[in-house]
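Have a look at entry_23.cif below; it lists mmCIF, C-alpha atoms.
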```cif
data_input
#
loop_
_atom_site.group_PDB
_atom_site.id
_atom_site.type_symbol
_atom_site.label_atom_id
_atom_site.label_comp_id
_atom_site.auth_asym_id
_atom_site.auth_seq_id
_atom_site.Cartn_x
_atom_site.Cartn_y
_atom_site.Cartn_z
ATOM 1 C CA MET A 42 -34.777 -43.201 -36.430
ATOM 2 C CA LYS A 43 -37.313 -42.321 -33.738
ATOM 3 C CA LYS A 44 -35.365 -40.708 -30.903
ATOM 4 C CA ILE A 45 -32.130 -39.021 -31.953
ATOM 5 C CA LEU A 46 -29.392 -37.479 -29.798
ATOM 6 C CA VAL A 47 -27.018 -35.083 -31.566
ATOM 7 C CA THR A 48 -23.679 -34.009 -30.074
ATOM 8 C CA GLY A 49 -22.028 -30.778 -31.209
ATOM 9 C CA ALA A 50 -25.489 -29.561 -32.128
ATOM 10 C CA LEU A 51 -24.596 -25.859 -32.207
ATOM 11 C CA GLY A 52 -21.755 -26.332 -34.678
ATOM 12 C CA GLN A 53 -21.801 -25.677 -38.412
ATOM 13 C CA ILE A 54 -23.383 -29.025 -39.340
ATOM 14 C CA GLY A 55 -25.398 -29.599 -36.183
ATOM 15 C CA SER A 56 -27.230 -26.271 -36.292
ATOM 16 C CA GLU A 57 -28.835 -27.141 -39.611
ATOM 17 C CA LEU A 58 -29.090 -30.909 -39.154
ATOM 18 C CA VAL A 59 -31.044 -30.631 -35.893
ATOM 19 C CA MET A 60 -33.582 -28.247 -37.417
ATOM 20 C CA LYS A 61 -34.051 -30.428 -40.499
ATOM 21 C CA MET A 62 -34.402 -33.599 -38.418
ATOM 22 C CA ARG A 63 -36.956 -31.922 -36.169
ATOM 23 C CA GLU A 64 -38.994 -31.061 -39.261
ATOM 24 C CA ILE A 65 -38.935 -34.723 -40.296
ATOM 25 C CA TYR A 66 -39.084 -36.623 -36.995
ATOM 26 C CA GLY A 67 -40.728 -34.086 -34.653
ATOM 27 C CA ASN A 68 -39.260 -31.447 -32.341
ATOM 28 C CA ASP A 69 -39.375 -33.595 -29.214
ATOM 29 C CA ASN A 70 -37.643 -36.529 -30.891
ATOM 30 C CA VAL A 71 -34.339 -34.788 -31.687
ATOM 31 C CA ILE A 72 -32.291 -34.002 -28.590
ATOM 32 C CA ALA A 73 -29.610 -31.395 -29.194
ATOM 33 C CA THR A 74 -26.506 -31.297 -26.990
ATOM 34 C CA ASP A 75 -23.453 -29.063 -26.900
ATOM 35 C CA LEU A 76 -20.726 -27.870 -24.574
ATOM 36 C CA ARG A 77 -22.329 -24.412 -24.444
ATOM 37 C CA LYS A 78 -25.865 -23.078 -24.492
ATOM 38 C CA LEU A 79 -26.627 -20.131 -26.760
ATOM 39 C CA GLU A 80 -29.720 -18.395 -25.462
ATOM 40 C CA GLY A 81 -32.177 -17.545 -28.217
ATOM 41 C CA ASN A 82 -30.632 -19.997 -30.667
ATOM 42 C CA PRO A 83 -33.347 -21.865 -32.625
ATOM 43 C CA VAL A 84 -31.746 -25.237 -31.823
ATOM 44 C CA VAL A 85 -32.012 -24.433 -28.123
ATOM 45 C CA MET A 86 -35.477 -22.892 -28.324
ATOM 46 C CA ASN A 87 -37.570 -25.268 -30.418
ATOM 47 C CA GLY A 88 -36.814 -28.658 -28.901
ATOM 48 C CA PRO A 89 -34.949 -30.551 -26.162
ATOM 49 C CA PHE A 90 -31.470 -29.210 -25.418
ATOM 50 C CA GLU A 91 -28.916 -30.449 -22.885
ATOM 51 C CA LEU A 92 -25.402 -29.364 -21.977
ATOM 52 C CA LEU A 93 -22.895 -32.135 -22.675
ATOM 53 C CA ASP A 94 -19.122 -32.464 -22.649
ATOM 54 C CA VAL A 95 -18.551 -35.472 -24.929
ATOM 55 C CA THR A 96 -15.485 -36.482 -22.933
ATOM 56 C CA ASP A 97 -17.897 -37.247 -20.059
ATOM 57 C CA HIS A 98 -19.177 -40.757 -20.821
ATOM 58 C CA LYS A 99 -21.326 -40.979 -17.690
ATOM 59 C CA THR A 100 -23.391 -37.896 -18.539
ATOM 60 C CA MET A 101 -23.728 -38.899 -22.191
ATOM 61 C CA LEU A 102 -25.065 -42.301 -21.180
ATOM 62 C CA GLU A 103 -27.460 -40.760 -18.645
ATOM 63 C CA LEU A 104 -28.878 -38.392 -21.261
ATOM 64 C CA ALA A 105 -29.237 -41.198 -23.790
ATOM 65 C CA LYS A 106 -31.162 -43.282 -21.253
ATOM 66 C CA LYS A 107 -33.251 -40.314 -20.092
ATOM 67 C CA TYR A 108 -34.548 -39.681 -23.613
ATOM 68 C CA GLU A 109 -34.639 -43.377 -24.596
ATOM 69 C CA ILE A 110 -32.728 -42.699 -27.801
ATOM 70 C CA ASP A 111 -32.318 -45.205 -30.618
ATOM 71 C CA THR A 112 -29.970 -43.091 -32.768
ATOM 72 C CA LEU A 113 -26.800 -41.174 -31.892
ATOM 73 C CA VAL A 114 -25.347 -38.590 -34.282
ATOM 74 C CA HIS A 115 -21.881 -37.628 -33.069
ATOM 75 C CA LEU A 116 -20.640 -34.323 -34.528
ATOM 76 C CA ALA A 117 -18.602 -32.772 -31.711
ATOM 77 C CA ALA A 118 -14.975 -32.279 -32.810
ATOM 78 C CA LEU A 119 -12.132 -29.832 -33.289
ATOM 79 C CA LEU A 120 -11.677 -29.054 -36.990
ATOM 80 C CA SER A 121 -8.484 -29.212 -39.040
ATOM 81 C CA ALA A 122 -6.766 -25.866 -38.487
ATOM 82 C CA THR A 123 -7.715 -25.678 -34.803
ATOM 83 C CA ALA A 124 -6.659 -29.284 -34.278
ATOM 84 C CA GLU A 125 -3.247 -28.577 -35.798
ATOM 85 C CA ALA A 126 -2.758 -25.672 -33.403
ATOM 86 C CA LYS A 127 -3.863 -27.793 -30.405
ATOM 87 C CA PRO A 128 -3.027 -31.403 -31.320
ATOM 88 C CA LEU A 129 -3.255 -32.948 -27.853
ATOM 89 C CA LEU A 130 -6.601 -31.306 -27.173
ATOM 90 C CA ALA A 131 -7.780 -32.514 -30.584
ATOM 91 C CA TRP A 132 -6.776 -36.106 -29.822
ATOM 92 C CA ASN A 133 -8.455 -36.074 -26.414
ATOM 93 C CA LEU A 134 -11.665 -34.461 -27.676
ATOM 94 C CA ASN A 135 -11.979 -36.061 -31.097
ATOM 95 C CA MET A 136 -11.009 -39.585 -30.103
ATOM 96 C CA GLY A 137 -12.176 -39.551 -26.478
ATOM 97 C CA GLY A 138 -15.560 -38.184 -27.489
ATOM 98 C CA LEU A 139 -15.899 -40.712 -30.300
ATOM 99 C CA VAL A 140 -15.112 -43.678 -28.049
ATOM 100 C CA ASN A 141 -17.648 -42.462 -25.493
ATOM 101 C CA ALA A 142 -20.322 -42.039 -28.161
ATOM 102 C CA LEU A 143 -19.625 -45.482 -29.632
ATOM 103 C CA GLU A 144 -19.801 -47.020 -26.175
ATOM 104 C CA VAL A 145 -23.193 -45.427 -25.566
ATOM 105 C CA ALA A 146 -24.385 -46.741 -28.937
ATOM 106 C CA ARG A 147 -23.084 -50.205 -28.024
ATOM 107 C CA GLU A 148 -24.643 -50.214 -24.557
ATOM 108 C CA LEU A 149 -28.057 -49.032 -25.786
ATOM 109 C CA ASN A 150 -28.028 -50.736 -29.213
ATOM 110 C CA CYS A 151 -28.323 -47.422 -31.083
ATOM 111 C CA GLN A 152 -27.818 -46.638 -34.728
ATOM 112 C CA PHE A 153 -24.738 -44.428 -35.004
ATOM 113 C CA PHE A 154 -23.429 -41.737 -37.343
ATOM 114 C CA THR A 155 -20.208 -39.742 -37.260
ATOM 115 C CA PRO A 156 -18.602 -37.875 -40.152
ATOM 116 C CA SER A 157 -15.144 -38.448 -41.515
ATOM 117 C CA SER A 158 -13.474 -36.015 -43.899
ATOM 118 C CA ILE A 159 -11.249 -35.570 -46.927
ATOM 119 C CA GLY A 160 -8.714 -34.795 -44.191
ATOM 120 C CA ALA A 161 -8.402 -38.573 -43.768
ATOM 121 C CA PHE A 162 -6.333 -38.566 -46.961
ATOM 122 C CA GLY A 163 -2.736 -37.415 -47.189
ATOM 123 C CA PRO A 164 -0.037 -36.310 -49.633
ATOM 124 C CA SER A 165 0.595 -39.881 -50.842
ATOM 125 C CA THR A 166 -3.102 -40.418 -51.685
ATOM 126 C CA PRO A 167 -3.968 -40.149 -55.408
ATOM 127 C CA LYS A 168 -4.879 -36.480 -55.902
ATOM 128 C CA ASP A 169 -7.456 -36.672 -58.690
ATOM 129 C CA ASN A 170 -10.702 -38.655 -58.527
ATOM 130 C CA THR A 171 -9.468 -40.195 -55.272
ATOM 131 C CA PRO A 172 -10.853 -43.743 -54.975
ATOM 132 C CA GLN A 173 -13.071 -44.924 -52.132
ATOM 133 C CA ASP A 174 -10.434 -47.451 -51.068
ATOM 134 C CA THR A 175 -6.926 -46.025 -51.259
ATOM 135 C CA ILE A 176 -3.834 -45.210 -49.219
ATOM 136 C CA GLN A 177 -4.543 -43.013 -46.186
ATOM 137 C CA ARG A 178 -1.463 -41.525 -44.547
ATOM 138 C CA PRO A 179 -2.535 -38.041 -43.361
ATOM 139 C CA THR A 180 0.045 -35.638 -41.984
ATOM 140 C CA THR A 181 -2.267 -33.658 -39.672
ATOM 141 C CA MET A 182 -3.682 -34.499 -36.253
ATOM 142 C CA TYR A 183 -7.197 -33.985 -37.624
ATOM 143 C CA GLY A 184 -6.489 -36.452 -40.406
ATOM 144 C CA VAL A 185 -5.017 -38.981 -37.994
ATOM 145 C CA ASN A 186 -8.162 -38.633 -35.857
ATOM 146 C CA LYS A 187 -10.392 -39.212 -38.867
ATOM 147 C CA VAL A 188 -8.565 -42.326 -40.077
ATOM 148 C CA ALA A 189 -8.571 -43.739 -36.550
ATOM 149 C CA GLY A 190 -12.277 -42.898 -36.297
ATOM 150 C CA GLU A 191 -13.113 -44.696 -39.538
ATOM 151 C CA LEU A 192 -11.295 -47.811 -38.326
ATOM 152 C CA LEU A 193 -12.862 -47.588 -34.869
ATOM 153 C CA CYS A 194 -16.374 -47.400 -36.315
ATOM 154 C CA ASP A 195 -15.595 -50.408 -38.513
ATOM 155 C CA TYR A 196 -14.408 -52.237 -35.400
ATOM 156 C CA TYR A 197 -17.567 -51.475 -33.413
ATOM 157 C CA PHE A 198 -19.682 -52.733 -36.294
ATOM 158 C CA LYS A 199 -17.719 -55.953 -36.769
ATOM 159 C CA LYS A 200 -16.984 -56.654 -33.094
ATOM 160 C CA PHE A 201 -20.177 -55.511 -31.384
ATOM 161 C CA GLY A 202 -22.733 -55.215 -34.193
ATOM 162 C CA VAL A 203 -23.234 -51.465 -33.729
ATOM 163 C CA ASP A 204 -24.987 -50.062 -36.804
ATOM 164 C CA THR A 205 -22.308 -47.472 -37.568
ATOM 165 C CA ARG A 206 -22.522 -45.253 -40.641
ATOM 166 C CA GLY A 207 -20.531 -42.318 -41.971
ATOM 167 C CA VAL A 208 -19.329 -40.209 -44.877
ATOM 168 C CA ARG A 209 -16.139 -38.367 -45.762
ATOM 169 C CA PHE A 210 -17.238 -34.752 -46.031
ATOM 170 C CA PRO A 211 -15.450 -32.279 -48.267
ATOM 171 C CA GLY A 212 -15.345 -28.606 -47.281
ATOM 172 C CA LEU A 213 -18.839 -27.490 -46.228
ATOM 173 C CA ILE A 214 -20.334 -24.125 -47.158
ATOM 174 C CA SER A 215 -23.268 -22.642 -45.242
ATOM 175 C CA TYR A 216 -25.106 -19.330 -44.862
ATOM 176 C CA GLU A 217 -26.528 -20.247 -41.435
ATOM 177 C CA VAL A 218 -23.504 -20.680 -39.168
ATOM 178 C CA LEU A 219 -19.939 -19.522 -39.598
ATOM 179 C CA PRO A 220 -17.375 -22.354 -39.675
ATOM 180 C CA GLY A 221 -15.058 -22.953 -36.764
ATOM 181 C CA GLY A 222 -11.436 -23.530 -37.662
ATOM 182 C CA GLY A 223 -11.450 -25.517 -40.880
ATOM 183 C CA THR A 224 -9.047 -25.295 -43.804
ATOM 184 C CA THR A 225 -11.890 -24.730 -46.275
ATOM 185 C CA ASP A 226 -13.388 -21.830 -44.283
ATOM 186 C CA TYR A 227 -12.316 -19.352 -46.963
ATOM 187 C CA ALA A 228 -15.110 -20.636 -49.192
ATOM 188 C CA VAL A 229 -17.638 -19.387 -46.621
ATOM 189 C CA ASP A 230 -15.843 -16.185 -45.620
ATOM 190 C CA ILE A 231 -15.579 -15.030 -49.229
ATOM 191 C CA TYR A 232 -19.350 -14.658 -49.620
ATOM 192 C CA TYR A 233 -19.696 -12.566 -46.466
ATOM 193 C CA GLU A 234 -16.848 -10.256 -47.459
ATOM 194 C CA ALA A 235 -18.072 -9.958 -51.043
ATOM 195 C CA LEU A 236 -21.361 -8.568 -49.754
ATOM 196 C CA LYS A 237 -19.886 -6.464 -46.953
ATOM 197 C CA SER A 238 -16.863 -4.901 -48.630
ATOM 198 C CA GLY A 239 -16.666 -6.111 -52.222
ATOM 199 C CA LYS A 240 -13.238 -7.622 -51.654
ATOM 200 C CA TYR A 241 -11.631 -10.613 -49.998
ATOM 201 C CA THR A 242 -8.122 -11.731 -49.038
ATOM 202 C CA SER A 243 -7.825 -15.500 -49.381
ATOM 203 C CA PHE A 244 -5.679 -17.447 -46.944
ATOM 204 C CA ILE A 245 -5.611 -20.316 -49.453
ATOM 205 C CA GLY A 246 -3.377 -19.818 -52.486
ATOM 206 C CA GLU A 247 -4.345 -19.472 -56.131
ATOM 207 C CA GLY A 248 -4.672 -22.781 -57.966
ATOM 208 C CA THR A 249 -5.463 -24.816 -54.829
ATOM 209 C CA LYS A 250 -8.291 -27.124 -55.830
ATOM 210 C CA MET A 251 -10.417 -28.708 -53.077
ATOM 211 C CA ASP A 252 -13.677 -30.634 -52.917
ATOM 212 C CA MET A 253 -16.652 -28.721 -51.539
ATOM 213 C CA MET A 254 -20.331 -29.204 -50.779
ATOM 214 C CA TYR A 255 -23.233 -26.893 -49.977
ATOM 215 C CA MET A 256 -24.741 -27.579 -46.570
ATOM 216 C CA PRO A 257 -28.223 -28.602 -47.790
ATOM 217 C CA ASP A 258 -26.602 -31.461 -49.714
ATOM 218 C CA ALA A 259 -24.559 -32.451 -46.642
ATOM 219 C CA ILE A 260 -27.643 -32.519 -44.405
ATOM 220 C CA ASN A 261 -29.593 -34.574 -46.927
ATOM 221 C CA ALA A 262 -26.673 -37.008 -47.219
ATOM 222 C CA ILE A 263 -26.665 -37.660 -43.457
ATOM 223 C CA ILE A 264 -30.388 -38.337 -43.382
ATOM 224 C CA LYS A 265 -30.281 -40.465 -46.521
ATOM 225 C CA ILE A 266 -27.459 -42.732 -45.331
ATOM 226 C CA MET A 267 -29.126 -43.169 -41.933
ATOM 227 C CA GLU A 268 -32.392 -44.159 -43.612
ATOM 228 C CA ALA A 269 -30.662 -46.491 -46.094
ATOM 229 C CA ASP A 270 -30.974 -50.269 -46.078
ATOM 230 C CA GLY A 271 -28.002 -51.364 -43.964
ATOM 231 C CA SER A 272 -27.675 -54.663 -45.816
ATOM 232 C CA LYS A 273 -26.602 -52.746 -48.917
ATOM 233 C CA LEU A 274 -23.834 -50.767 -47.201
ATOM 234 C CA ILE A 275 -20.471 -52.300 -48.038
ATOM 235 C CA HIS A 276 -18.216 -49.453 -46.920
ATOM 236 C CA ARG A 277 -20.553 -48.229 -44.180
ATOM 237 C CA ASN A 278 -18.359 -45.736 -42.270
ATOM 238 C CA ALA A 279 -16.387 -43.665 -44.722
ATOM 239 C CA PHE A 280 -18.186 -43.037 -48.006
ATOM 240 C CA ASN A 281 -16.578 -40.495 -50.319
ATOM 241 C CA ILE A 282 -19.138 -37.801 -51.138
ATOM 242 C CA THR A 283 -18.678 -34.538 -53.016
ATOM 243 C CA ALA A 284 -20.598 -31.978 -55.028
ATOM 244 C CA MET A 285 -17.959 -29.769 -56.652
ATOM 245 C CA SER A 286 -14.236 -29.092 -56.778
ATOM 246 C CA PHE A 287 -12.834 -25.604 -57.331
ATOM 247 C CA GLU A 288 -9.912 -23.233 -56.793
ATOM 248 C CA PRO A 289 -10.235 -19.857 -54.981
ATOM 249 C CA GLU A 290 -10.140 -17.950 -58.264
ATOM 250 C CA GLU A 291 -13.042 -20.008 -59.601
ATOM 251 C CA ILE A 292 -15.343 -19.117 -56.713
ATOM 252 C CA ALA A 293 -14.255 -15.486 -57.076
ATOM 253 C CA ALA A 294 -15.152 -15.553 -60.777
ATOM 254 C CA GLU A 295 -18.594 -16.937 -59.965
ATOM 255 C CA ILE A 296 -19.189 -14.189 -57.386
ATOM 256 C CA LYS A 297 -18.178 -11.557 -59.964
ATOM 257 C CA LYS A 298 -21.151 -12.615 -62.086
ATOM 258 C CA HIS A 299 -23.342 -11.225 -59.294
ATOM 259 C CA ILE A 300 -21.013 -8.516 -57.913
ATOM 260 C CA PRO A 301 -19.002 -7.295 -60.921
ATOM 261 C CA GLY A 302 -16.662 -5.099 -58.876
ATOM 262 C CA PHE A 303 -15.605 -7.891 -56.522
ATOM 263 C CA ILE A 304 -11.829 -8.116 -55.978
ATOM 264 C CA MET A 305 -9.834 -10.958 -54.406
ATOM 265 C CA ASP A 306 -6.182 -11.049 -53.436
ATOM 266 C CA TYR A 307 -4.082 -13.489 -51.409
ATOM 267 C CA ASN A 308 -2.278 -13.628 -48.087
ATOM 268 C CA VAL A 309 -1.539 -17.321 -47.754
ATOM 269 C CA ASP A 310 -1.624 -18.927 -44.309
ATOM 270 C CA PRO A 311 1.198 -21.512 -44.430
ATOM 271 C CA ILE A 312 -0.467 -23.837 -41.917
ATOM 272 C CA ARG A 313 -3.806 -24.057 -43.669
ATOM 273 C CA GLN A 314 -2.163 -24.041 -47.097
ATOM 274 C CA GLY A 315 -0.007 -26.977 -46.036
ATOM 275 C CA ILE A 316 -3.093 -28.866 -44.917
ATOM 276 C CA ALA A 317 -4.882 -28.081 -48.195
ATOM 277 C CA ASN A 318 -1.882 -29.236 -50.231
ATOM 278 C CA SER A 319 -2.054 -32.646 -48.541
ATOM 279 C CA TRP A 320 -5.694 -33.185 -49.548
ATOM 280 C CA PRO A 321 -7.123 -34.481 -52.838
ATOM 281 C CA ASN A 322 -8.099 -32.217 -55.715
ATOM 282 C CA SER A 323 -11.257 -34.280 -56.267
ATOM 283 C CA ILE A 324 -12.730 -37.512 -54.896
ATOM 284 C CA ASP A 325 -14.798 -40.306 -56.427
ATOM 285 C CA PRO A 326 -18.285 -40.710 -54.840
ATOM 286 C CA THR A 327 -19.312 -43.734 -56.937
ATOM 287 C CA CYS A 328 -19.675 -46.107 -53.969
ATOM 288 C CA ALA A 329 -22.017 -43.708 -52.153
ATOM 289 C CA LYS A 330 -24.124 -43.380 -55.294
ATOM 290 C CA ASN A 331 -24.297 -47.129 -55.822
ATOM 291 C CA GLU A 332 -24.798 -48.268 -52.220
ATOM 292 C CA TRP A 333 -27.317 -45.710 -50.914
ATOM 293 C CA GLY A 334 -28.239 -43.371 -53.733
ATOM 294 C CA PHE A 335 -26.177 -40.292 -52.872
ATOM 295 C CA LYS A 336 -26.752 -37.353 -55.191
ATOM 296 C CA ALA A 337 -25.786 -33.697 -54.778
ATOM 297 C CA GLU A 338 -28.121 -31.004 -56.090
ATOM 298 C CA TYR A 339 -25.881 -27.934 -55.935
ATOM 299 C CA ASP A 340 -22.950 -27.030 -58.186
ATOM 300 C CA LEU A 341 -20.811 -23.889 -57.792
ATOM 301 C CA ALA A 342 -23.114 -21.645 -59.825
ATOM 302 C CA LYS A 343 -26.335 -22.734 -58.105
ATOM 303 C CA MET A 344 -24.718 -22.545 -54.658
ATOM 304 C CA THR A 345 -23.299 -19.056 -55.271
ATOM 305 C CA THR A 346 -26.684 -17.697 -56.325
ATOM 306 C CA ASP A 347 -28.348 -19.195 -53.251
ATOM 307 C CA MET A 348 -25.601 -18.113 -50.816
ATOM 308 C CA LEU A 349 -25.704 -14.484 -51.941
ATOM 309 C CA GLU A 350 -29.504 -14.395 -51.883
ATOM 310 C CA LYS A 351 -29.748 -15.963 -48.412
ATOM 311 C CA LEU A 352 -26.993 -13.788 -46.894
ATOM 312 C CA SER A 353 -28.512 -10.646 -48.402
ATOM 313 C CA ALA A 354 -31.880 -11.618 -46.918
ATOM 314 C CA LYS A 355 -30.161 -11.867 -43.503
ATOM 315 C CA GLY A 356 -28.901 -8.296 -43.904
ATOM 316 C CA ILE A 357 -25.283 -9.157 -44.673
ATOM 317 C CA GLY A 358 -23.859 -6.242 -46.636
ATOM 318 C CA ALA A 359 -26.893 -4.056 -46.071
ATOM 319 C CA LYS A 360 -26.092 -0.461 -45.297
#
```
Just dump the structure as structure tokens.
Amino acid sequence: MKKILVTGALGQIGSELVMKMREIYGNDNVIATDLRKLEGNPVVMNGPFELLDVTDHKTMLELAKKYEIDTLVHLAALLSATAEAKPLLAWNLNMGGLVNALEVARELNCQFFTPSSIGAFGPSTPKDNTPQDTIQRPTTMYGVNKVAGELLCDYYFKKFGVDTRGVRFPGLISYEVLPGGGTTDYAVDIYYEALKSGKYTSFIGEGTKMDMMYMPDAINAIIKIMEADGSKLIHRNAFNITAMSFEPEEIAAEIKKHIPGFIMDYNVDPIRQGIANSWPNSIDPTCAKNEWGFKAEYDLAKMTTDMLEKLSAKGIGAK
């Protein structure tokens, strides 16, 4: 990777990925793009930034040529809960944007990354230690998009030789940027509310186990798979990766070790709960470990300590 264009660069993943990549590859070599421009945002301020609607293939191609990119990281998408509320918009953005990005990668012979998700699984998928290769019949628009995206990336690799790569992310937890409409958002919100008010109302029900990952591990996974020897990648576009699997009450118990008076109750959102119920309890990342050396550093305890420290340092909860 020498010249990298990132779509959706101001989102939850992009905001941290761009900054990390600029540390590694140089500020001028990582071009951030998004539908909006947030003045004063570090991603906008410390390196190239361009406005881009990913449904506009012409502009995407022009920007890619302008910066002479050799790598395209496509992150722009509507997430699970938002996609379920606006399914047609999700299809047009998630699939239209992906096709445009793949076409740019094909036309310019770029290396390509886009994330899939545990949302690509469905209620008929094995729930525990979900295999890398298994039945995928999701019941959400987001899940349908992700399965179609995995297959489309496989197609572009086999048909056109595009060096496509990807992972299936679990829920992602970050102290930098608030999430934007995902089913696992509660696992971010809970830390903010624990510090601000000492209590939290979970929209996901007690006993609902889901795979999660702390954002530093997610960022490192993207960079590691993109730097990996392509000849060793068998699955290529949809590697299971995970760091931990927990229920809402387990994250609450971990927070109580730091904030003893913390209280959590429940007001279940039926839409997001239904999505969560269709996902695995835990997934098997063996193929990612074997094919490109994936390894997560953070478990629930280590992540909780770091989240509370980092949010406190940002003034969250300070009076």
Residues within 12 Å of Leu149 of chain A, all atoms listed in the file, excluding chain neighbours under 6 positions, as an MDAnalysis selection string: chainID A and resid 101:113 142:143 201:204
Contact table segment 104-194 of chain A vs segment 294-314 of chain A, cut-off 10 Å, shortest pair per residue, all atoms listed in the file, as a Markdown table:
```
| residue | atom | partner | partner_atom | distance |
| --- | --- | --- | --- | --- |
| A:Ser121 | CA | A:Arg313 | CA | 8.4 |
| A:Ala122 | CA | A:Arg313 | CA | 6.2 |
| A:Thr123 | CA | A:Arg313 | CA | 9.8 |
| A:Glu125 | CA | A:Ile312 | CA | 8.2 |
| A:Ala126 | CA | A:Ile312 | CA | 9.0 |
```
Any chance you could export the current selection's C-alpha atoms as a PDB file, keeping the file's coordinate frame?
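Output below, filename result25.pdb:
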```pdb
ATOM      1  CA  SER A 121      -8.484 -29.212 -39.040  1.00  0.00           C
ATOM      2  CA  ALA A 122      -6.766 -25.866 -38.487  1.00  0.00           C
ATOM      3  CA  THR A 123      -7.715 -25.678 -34.803  1.00  0.00           C
ATOM      4  CA  GLU A 125      -3.247 -28.577 -35.798  1.00  0.00           C
ATOM      5  CA  ALA A 126      -2.758 -25.672 -33.403  1.00  0.00           C
TER       6      ALA A 126
END
```
From the options A:Glu144, A:Ile245, A:Gly67, A:Asn150, which residue's atoms come nearest to Tyr227 of chain A, counting all atoms listed in the file?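 Among the listed residues, the smallest separation from Tyr227 of chain A belongs to A:Ile245.
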Given the file shown, determine the residues that the PyMOL selection byres ((chain A and resi 177) around 8) selects; report them as a PyMOL selection string. chain A and resi 161-163+165-166+175-176+178-179+188
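Minimum distance to Tyr183 of chain A across A:Ala50, A:Leu129, A:Leu120, A:Met267 (counting only C-alpha atoms) occurs at A:Leu120.
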Can you check which parts of segment 162-245 of chain A lie within 9 Å of segment 323-335 of chain A? Per residue, the shortest pair of atoms and distance in Å to one decimal, counting all atoms listed in the file, sorted by chain and number, as CSV.
```
residue,atom,partner,partner_atom,distance
A:Lys168,CA,A:Ser323,CA,6.8
A:Asp169,CA,A:Ser323,CA,5.1
A:Asn170,CA,A:Ile324,CA,4.3
A:Thr171,CA,A:Ile324,CA,4.2
A:Pro172,CA,A:Asp325,CA,5.4
A:Gln173,CA,A:Asp325,CA,6.5
A:Val208,CA,A:Ala329,CA,8.5
A:Pro211,CA,A:Ile324,CA,8.9
```
Nearest residue to Leu193 of chain A from the set A:Ala235, A:Asp69, A:Gly137, A:Gly223 (distances using all atoms listed in the file):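 For Leu193 of chain A, the nearest of the candidates is A:Gly137.
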So what do you get for atom CA of Pro83 of chain A versus atom CA of Ile263 of chain A, distance-wise? 20.3 Å
Written as a compact mmCIF listing (two decimals) with C-alpha atoms, in the frame of the given file, what is the full residue list that the PyMOL selection byres ((chain A and resi 214) around 8) yields on the file shown?
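Below is the file that was written, selection-v9.txt:
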```txt
# COMPACT_ATOMS: atom_id res chain seq x y z
CA GLY A 212 -15.34 -28.61 -47.28
CA LEU A 213 -18.84 -27.49 -46.23
CA SER A 215 -23.27 -22.64 -45.24
CA TYR A 216 -25.11 -19.33 -44.86
CA ASP A 226 -13.39 -21.83 -44.28
CA ALA A 228 -15.11 -20.64 -49.19
CA VAL A 229 -17.64 -19.39 -46.62
CA MET A 253 -16.65 -28.72 -51.54
CA MET A 254 -20.33 -29.20 -50.78
CA TYR A 255 -23.23 -26.89 -49.98
CA MET A 256 -24.74 -27.58 -46.57
```
How would you write, as a list in words, the residues chosen by the PyMOL selection byres ((chain A and resi 339) around 9) on this structure?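 When the PyMOL selection byres ((chain A and resi 339) around 9) is applied to the shown file, the picked residues are Met254, Tyr255, Pro257, Asp258, Ala284, Met285, Ala337, Glu338, Asp340, Leu341, Ala342, Lys343 and Met344 of chain A.
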Rounded to one decimal place, report the atom CA of Glu290 of chain A-atom CA of Thr224 of chain A distance in Å. 16.3 Å
Compile the contact shell of segment 348-360 of chain A as a PyMOL selection string: residues with an atom at most 8 Å away, counting only C-alpha atoms, same-chain residues fewer than 6 positions apart removed. chain A and resi 215-216+232-233+236-238
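Of the residues under consideration (A:Lys240, A:Arg206, A:Lys250, A:Lys44), A:Arg206 shows the shortest atom-to-atom contact distance to Asp270 of chain A when counting all atoms listed in the file.
Distance check against Ala317 of chain A using only C-alpha atoms: of A:Ala117, A:Gly160, A:Asn141, A:Ser243, the minimum falls on A:Gly160.
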I need the residue nearest Ile72 of chain A from this list: A:Phe153, A:Phe90, A:Tyr197, A:Trp320. Use all atoms listed in the file for the distance.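 Looking only at the distances to Ile72 of chain A, the closest residue turns out to be A:Phe90.
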Atomic separation - atom CA of Ile65 of chain A relative to atom CA of Asn82 of chain A, Å: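 Taking atom CA of Asn82 of chain A as the start and atom CA of Ile65 of chain A as the end point, the length is 19.5 Å.
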